[in-house]
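Below: one structure, written as structure tokens.
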Amino acid sequence: MINTGKLAGRTIFITGASRGIGKAIAVKAAKDGANVIIAAKTADPHPKLPGTIYSAAKEVEAAGGKALPCVVDVREESQIKAAVDQAVSKFGGIDIVVNNASAINLTGTLETDMKRYDLMHHINTRGTFLVSKVCLPYLKKSSGAHILNLSPPLNMAPHWFKDHLAYTMAKYGMSMCVLGMAEEFRSDKIAVNALWPKTAIHTAAIEMLTGPESGRHSRKPEIVADAAYAILCKDPTTATGNFFIDEDVLRQEGLTQAQIDAYACDPSNNANLMPDFFLDLGPDKIVSGWNVQVPVGSTTAATKSVQDASSAGAGGAAAAPSVEAIFKAIEDNLSTELVSKTQAVFVFHVTGSEQGMWYIDLKGGKGSAGKGEPSNAADATLTMDSNDFYKMFSGKLKPAAAFMTGKLKISGNLQKAMKLEKLMSALKAKL
């Protein structure tokens with residue numbers, strides 16, 4: 001999407017802007033000549049994550065904007081107020097706030113310790129409320145005031161709560177800020193909106209959750225940045241209280257399918273992009289090749305649009321092999337090479353019609369697999385329905401996509417769990 005120059009001279013306060021989506025929005029606005037406050041915690045290089053507030057500031061200035069890097073932990077009111085004071089002193093005010101800082105922990109209620117619970121709620125919900133609150137007196141003075149929260153549409157469907165209740169509550173808290181503040185400050189001509197991606201976005205956080213392969217099934221952060229830019233260029237009096245989806249925004253801006261496809265990290269894999277959390281699209285909608293169906297009262301059923309090569313009887317689908325047969329095939333295909341590359345033990349809690357506990361031990365020798373508990377401690381425990389289990393091991397359901405859509409629940413080491421994709425690739429032709 002081409003820059004219009006509409007944000008030239010505007011001052012934008014962006015949280016979590018040292019990397020990922022926040023930095024992409026900062027650089028996009030900078031191309032108009034905007035003033036950007038890079039408000040994030042990372043002043044020194046992180047051992048696992050790229051970027052600092054200072055490296056992001058250099059990119060902003062190289063793109064044509066003015067930058068003010070500020071060390072800000074959004075849990076600390078004093079740090080937020082100090083950064084806002086610096087911004088007003090340097091640039092004369094604040095026109096736009098982008099609440100991008102967020103924490104994620106995808107665990108069920110019993111697996112969520114209160115330290116993680118508090119972290120998510122303090123950063124996501126409280127941080128968004130507090131940053132907005134401190135900036136609002138200055139937004140009231142602006143002729144183009146916007147607050148944009150990177151949060152999902154509010155959706156009370158139970159399946160978005162049952163697998164990661166604490167995270168859903170924290171993200172929905174950001175969205176509730178949109179719902180309330182949009183109406184509260186409508187008369188002040190301050191637009192308050194939310195923006196959420198239609199597919200997974202390749203960021204450091206997603207890669208840490210699902211492994212390096214996530215890039216093949218994700219789009220670049222620039223699709224969110226371009227959508228954010230389009231929203232922030234709108235008249236605040238005509239666009240407030242909305243829960244925008246990035247792809248939909250860009251289609252309304254006139255982008256073609258080919259232009260949207262270009263945002264994929266791997267353009268050759270556009271048919272296999274993962275749908276993101278919190279989007280119920282209905283049984284007749286396709287998200288870049290994933291058929292997302294949401295029956296009332298059930299979990300999301302995200303399955304690849306692939307027909308079985310054979311059928312059982314006239315017009316019938318081929319019968320899936322039993323879980324026992326799958327583990328026999330797994331055991332037959334284990335190797336010392338796979339063990340050396342994986343070095344992990346997996347336990348599977350299979351639910352549904354073939355309920356039971358199974359394991360794959362890839363710690364020594366050529367590995368082993370079978371029913372019951374492994375002799376070595378599990379690195380990761382995976383829970384899923386027996387029907388989805390077959391789809392995952394036959395290549396019809398990517399583990400990252402199963403995880404992102406709630407069909408696969410993982411406890412333990414997520415990165416090691418995602419290494420199973422290599423084993424699944426070896427089995428695909430045999431099942």
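Chains: A, B, ... in order of the structure tokens. Residues: from 1 per chain. Ligands: from 1, in order shown.
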Exercise for the section: Find the residues around region 112-124 of chain A up to 10 Å (only C-alpha atoms counted), leave out those fewer than 4 positions away in its own chain, and share them as JSON, numbers by chain. Expected result: {"A": [73, 74, 75, 76, 99, 100, 101, 102, 103, 104, 105, 106, 107, 108, 128, 129, 130, 149, 150, 151, 164, 165, 166, 167, 168, 169, 170, 171, 172, 173, 174, 175]}
Take the residues just selected and output them with N, CA and C atoms as a CSV table (one decimal), in the first residue's frame.
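Output file out28.csv is given in full below:
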```
chain,number,residue,atom,x,y,z
A,73,ASP,N,8.0,0.1,30.4
A,73,ASP,CA,7.3,-1.1,30.8
A,73,ASP,C,5.9,-0.7,31.0
A,74,VAL,N,4.9,-1.1,30.2
A,74,VAL,CA,3.5,-0.6,30.3
A,74,VAL,C,2.9,-1.0,31.7
A,75,ARG,N,3.5,-1.8,32.5
A,75,ARG,CA,3.0,-2.1,33.8
A,75,ARG,C,3.3,-1.0,34.8
A,76,GLU,N,4.3,-0.1,34.4
A,76,GLU,CA,4.8,1.0,35.3
A,76,GLU,C,4.2,2.3,34.9
A,99,ASN,N,-1.7,0.8,20.8
A,99,ASN,CA,-1.5,-0.2,21.9
A,99,ASN,C,-1.2,-1.5,21.4
A,100,ASN,N,0.1,-1.8,21.2
A,100,ASN,CA,0.5,-3.1,20.6
A,100,ASN,C,1.2,-4.0,21.6
A,101,ALA,N,1.7,-3.5,22.7
A,101,ALA,CA,2.4,-4.4,23.7
A,101,ALA,C,1.5,-5.4,24.2
A,102,SER,N,1.9,-6.7,24.2
A,102,SER,CA,1.1,-7.8,24.7
A,102,SER,C,1.9,-8.9,25.2
A,103,ALA,N,1.3,-9.7,26.0
A,103,ALA,CA,1.9,-11.0,26.5
A,103,ALA,C,1.0,-12.1,26.2
A,104,ILE,N,1.6,-13.3,25.9
A,104,ILE,CA,0.8,-14.4,25.5
A,104,ILE,C,1.3,-15.7,26.3
A,105,ASN,N,0.3,-16.5,26.8
A,105,ASN,CA,0.6,-17.7,27.4
A,105,ASN,C,-0.6,-18.6,27.2
A,106,LEU,N,-0.4,-19.6,26.4
A,106,LEU,CA,-1.6,-20.4,25.9
A,106,LEU,C,-1.7,-21.7,26.8
A,107,THR,N,-2.3,-21.5,28.0
A,107,THR,CA,-2.4,-22.6,28.9
A,107,THR,C,-3.8,-22.6,29.5
A,108,GLY,N,-4.2,-23.8,29.9
A,108,GLY,CA,-5.5,-24.0,30.5
A,108,GLY,C,-5.5,-23.5,31.9
A,128,THR,N,-2.9,-1.3,28.3
A,128,THR,CA,-3.7,-0.6,27.3
A,128,THR,C,-4.5,0.5,27.9
A,129,PHE,N,-5.2,0.2,29.0
A,129,PHE,CA,-6.1,1.2,29.6
A,129,PHE,C,-5.2,2.4,30.1
A,130,LEU,N,-4.1,2.0,30.7
A,130,LEU,CA,-3.3,3.1,31.4
A,130,LEU,C,-2.6,4.0,30.3
A,149,ASN,N,-5.9,-0.3,19.1
A,149,ASN,CA,-5.5,-1.5,19.9
A,149,ASN,C,-5.3,-2.7,19.0
A,150,LEU,N,-4.2,-3.4,19.2
A,150,LEU,CA,-4.0,-4.7,18.5
A,150,LEU,C,-4.7,-5.8,19.3
A,151,SER,N,-6.0,-5.9,19.0
A,151,SER,CA,-6.8,-6.8,19.8
A,151,SER,C,-7.9,-7.4,19.0
A,164,HIS,N,-7.5,-21.5,26.6
A,164,HIS,CA,-6.5,-20.6,27.2
A,164,HIS,C,-7.3,-19.4,27.7
A,165,LEU,N,-8.1,-19.7,28.8
A,165,LEU,CA,-9.0,-18.7,29.4
A,165,LEU,C,-8.3,-17.4,29.8
A,166,ALA,N,-7.1,-17.5,30.5
A,166,ALA,CA,-6.5,-16.3,31.0
A,166,ALA,C,-6.0,-15.4,29.8
A,167,TYR,N,-5.5,-16.0,28.8
A,167,TYR,CA,-5.0,-15.2,27.6
A,167,TYR,C,-6.2,-14.5,27.0
A,168,THR,N,-7.3,-15.3,26.8
A,168,THR,CA,-8.5,-14.7,26.1
A,168,THR,C,-9.0,-13.5,26.9
A,169,MET,N,-9.1,-13.7,28.2
A,169,MET,CA,-9.6,-12.6,29.1
A,169,MET,C,-8.7,-11.4,28.9
A,170,ALA,N,-7.4,-11.6,28.9
A,170,ALA,CA,-6.5,-10.4,28.8
A,170,ALA,C,-6.6,-9.7,27.5
A,171,LYS,N,-6.7,-10.5,26.4
A,171,LYS,CA,-6.8,-9.8,25.0
A,171,LYS,C,-8.2,-9.2,24.9
A,172,TYR,N,-9.2,-9.8,25.4
A,172,TYR,CA,-10.6,-9.2,25.3
A,172,TYR,C,-10.7,-8.0,26.2
A,173,GLY,N,-9.8,-7.9,27.2
A,173,GLY,CA,-9.8,-6.7,28.0
A,173,GLY,C,-9.4,-5.5,27.1
A,174,MET,N,-8.4,-5.7,26.2
A,174,MET,CA,-8.0,-4.7,25.3
A,174,MET,C,-9.1,-4.3,24.4
A,175,SER,N,-9.9,-5.3,24.0
A,175,SER,CA,-11.0,-5.0,23.0
A,175,SER,C,-12.2,-4.3,23.8
```
Exercise for the section: Any chance you could list, as a count of residues only, the residues in region 164-285 of chain A that come up alpha helix (DSSP H) when DSSP is run on the backbone? Expected result: 50
Exercise for the section: Choose the residue, out of A:Lys328, A:Lys90, A:Lys41, A:Lys391, that has the smallest atom-to-atom separation from Leu68 (chain A); count only C-alpha atoms. Expected result: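 Answer, going by the shortest atom-to-atom distance: A:Lys90.
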Practice task
Enumerate, as a ChimeraX atom specification, the complete set of residues in region 83-138 of chain A that a backbone-based DSSP assignment places in strand (DSSP E).
Solution key: /A:96-99
Show which residues sit within 9 Å of Ala380 (chain A), as a PDB file with N, CA and C atoms, in the first residue's frame. Count only C-alpha atoms, and ignore same-chain residues fewer than 3 positions away.
```pdb
ATOM      1  N   ALA A 344      13.792 -35.730  21.955  1.00  0.00           N
ATOM      2  CA  ALA A 344      12.645 -35.365  22.781  1.00  0.00           C
ATOM      3  C   ALA A 344      11.741 -36.576  22.984  1.00  0.00           C
ATOM      4  N   VAL A 345      10.959 -36.528  24.047  1.00  0.00           N
ATOM      5  CA  VAL A 345       9.966 -37.558  24.345  1.00  0.00           C
ATOM      6  C   VAL A 345       8.588 -36.908  24.352  1.00  0.00           C
ATOM      7  N   PHE A 346       7.650 -37.515  23.631  1.00  0.00           N
ATOM      8  CA  PHE A 346       6.302 -36.963  23.509  1.00  0.00           C
ATOM      9  C   PHE A 346       5.282 -37.935  24.070  1.00  0.00           C
ATOM     10  N   VAL A 347       4.351 -37.416  24.841  1.00  0.00           N
ATOM     11  CA  VAL A 347       3.217 -38.196  25.335  1.00  0.00           C
ATOM     12  C   VAL A 347       1.954 -37.651  24.682  1.00  0.00           C
ATOM     13  N   PHE A 348       1.085 -38.556  24.223  1.00  0.00           N
ATOM     14  CA  PHE A 348      -0.143 -38.164  23.558  1.00  0.00           C
ATOM     15  C   PHE A 348      -1.341 -38.645  24.370  1.00  0.00           C
ATOM     16  N   ILE A 410      -1.042 -28.311  23.898  1.00  0.00           N
ATOM     17  CA  ILE A 410       0.325 -28.705  24.212  1.00  0.00           C
ATOM     18  C   ILE A 410       0.720 -28.162  25.577  1.00  0.00           C
ATOM     19  N   SER A 411       1.289 -29.028  26.398  1.00  0.00           N
ATOM     20  CA  SER A 411       1.927 -28.571  27.631  1.00  0.00           C
ATOM     21  C   SER A 411       3.368 -29.044  27.606  1.00  0.00           C
ATOM     22  N   GLY A 412       4.252 -28.260  28.201  1.00  0.00           N
ATOM     23  CA  GLY A 412       5.665 -28.593  28.148  1.00  0.00           C
ATOM     24  C   GLY A 412       6.404 -27.754  27.129  1.00  0.00           C
ATOM     25  N   ASN A 413       7.373 -28.342  26.456  1.00  0.00           N
ATOM     26  CA  ASN A 413       8.239 -27.616  25.528  1.00  0.00           C
ATOM     27  C   ASN A 413       7.597 -27.514  24.151  1.00  0.00           C
ATOM     28  N   LEU A 414       7.088 -26.317  23.818  1.00  0.00           N
ATOM     29  CA  LEU A 414       6.375 -26.122  22.548  1.00  0.00           C
ATOM     30  C   LEU A 414       7.291 -26.296  21.351  1.00  0.00           C
ATOM     31  N   LYS A 416       9.954 -28.153  21.006  1.00  0.00           N
ATOM     32  CA  LYS A 416      10.212 -29.569  20.741  1.00  0.00           C
ATOM     33  C   LYS A 416       8.973 -30.253  20.178  1.00  0.00           C
ATOM     34  N   ALA A 417       7.812 -29.856  20.647  1.00  0.00           N
ATOM     35  CA  ALA A 417       6.573 -30.450  20.134  1.00  0.00           C
ATOM     36  C   ALA A 417       6.425 -30.205  18.646  1.00  0.00           C
TER      37      ALA A 417
END
```
Exercise for the section: Would you kindly return, as a ChimeraX atom specification, each protein, DNA or RNA residue with an atom no farther than 9 Å from any atom of Ala56 (chain A), considering only C-alpha atoms and excluding same-chain residues fewer than 6 positions away? Expected result: /A:17-19,23,26-27,38,67,69
Exercise for the section: Quote the spacing between CA of Lys81 (chain A) and CA of Glu222 (chain A) in Å to one decimal place. Expected result: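 Here the two named atoms are 29.2 Å from each other.
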Exercise for the section: Tell me which of A:Asn270, A:Val178, A:Pro321, A:Arg219 sits closest to Thr125 (chain A), counting only C-alpha atoms. Expected result: A:Val178
Exercise: Cys233 (chain A) partners within 9 Å, only C-alpha atoms, chain neighbours under 6 positions left out, as a PDB file with N, CA, C and O atoms, in the first residue's frame:
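That gives us part_13.pdb:
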```pdb
ATOM      1  N   THR A   4       0.471   8.028   1.673  1.00  0.00           N
ATOM      2  CA  THR A   4      -0.254   9.200   1.160  1.00  0.00           C
ATOM      3  C   THR A   4       0.285  10.513   1.699  1.00  0.00           C
ATOM      4  O   THR A   4      -0.089  11.583   1.216  1.00  0.00           O
ATOM      5  N   LYS A   6      -0.452  11.550   4.708  1.00  0.00           N
ATOM      6  CA  LYS A   6      -1.444  12.085   5.642  1.00  0.00           C
ATOM      7  C   LYS A   6      -0.968  12.111   7.096  1.00  0.00           C
ATOM      8  O   LYS A   6      -1.525  12.841   7.922  1.00  0.00           O
ATOM      9  N   LEU A   7       0.043  11.313   7.414  1.00  0.00           N
ATOM     10  CA  LEU A   7       0.533  11.299   8.799  1.00  0.00           C
ATOM     11  C   LEU A   7       1.758  12.179   8.998  1.00  0.00           C
ATOM     12  O   LEU A   7       2.376  12.156  10.062  1.00  0.00           O
ATOM     13  N   GLY A 144      -6.665  15.048  14.673  1.00  0.00           N
ATOM     14  CA  GLY A 144      -6.687  13.736  14.019  1.00  0.00           C
ATOM     15  C   GLY A 144      -6.385  12.639  15.009  1.00  0.00           C
ATOM     16  O   GLY A 144      -5.526  11.782  14.775  1.00  0.00           O
TER      17      GLY A 144
END
```
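Taking only C-alpha atoms into account, Gly51 (chain A) lies nearest to A:Ala204 out of the set A:Ala258, A:Ile94, A:Ala204, A:Cys135.
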Practice task
Between A:Lys31, A:His46, A:Lys409, A:Lys363, single out the one closest to His349 (chain A), counting only C-alpha atoms.
Solution key: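 For His349 (chain A), the nearest of the candidates is A:Lys409.
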Practice task
Kindly give the distance, in Å, that separates CA of Asp163 (chain A) and CA of Glu373 (chain A), rounded to a single decimal.
Solution key: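 So the two atoms, CA of Asp163 (chain A) and CA of Glu373 (chain A), lie 23.9 Å apart.
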Exercise for the section: Name the residues in contact with Ala63 (chain A) at a cut-off of 8 Å, using only C-alpha atoms, excluding same-chain residues fewer than 2 positions from it; report them as a PyMOL selection string. Expected result: chain A and resi 27-28+30-31+59-61+65
Spatial neighbours of Ala228 (chain A), max dist 8 Å, only C-alpha atoms, sep filter under 3 positions, as a PDB file with C-alpha atoms, in the first residue's frame:
```pdb
ATOM      1  CA  ILE A  25       3.647   0.232  12.065  1.00  0.00           C
ATOM      2  CA  LEU A 148      -5.677   1.736  17.839  1.00  0.00           C
ATOM      3  CA  LEU A 195      -7.144  -4.252  14.491  1.00  0.00           C
ATOM      4  CA  VAL A 224      -0.949  -5.308   9.679  1.00  0.00           C
ATOM      5  CA  ALA A 225       1.130  -2.139   9.379  1.00  0.00           C
ATOM      6  CA  ILE A 231      -7.169   3.231   9.633  1.00  0.00           C
ATOM      7  CA  LEU A 232      -5.038   5.987  11.156  1.00  0.00           C
ATOM      8  CA  ASP A 246      -6.257  -6.474   8.336  1.00  0.00           C
TER       9      ASP A 246
END
```
Practice task
Tell me which of A:Ser340, A:Ser142, A:Ser335, A:Thr199 sits closest to Phe278 (chain A), counting only C-alpha atoms.
Solution key: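 Residue with the minimum atom-to-atom distance to Phe278 (chain A): A:Thr199.
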Handout entry: d(CA of Asp379 (chain A), CA of Glu111 (chain A)) in Å
Key = 15.3 Å
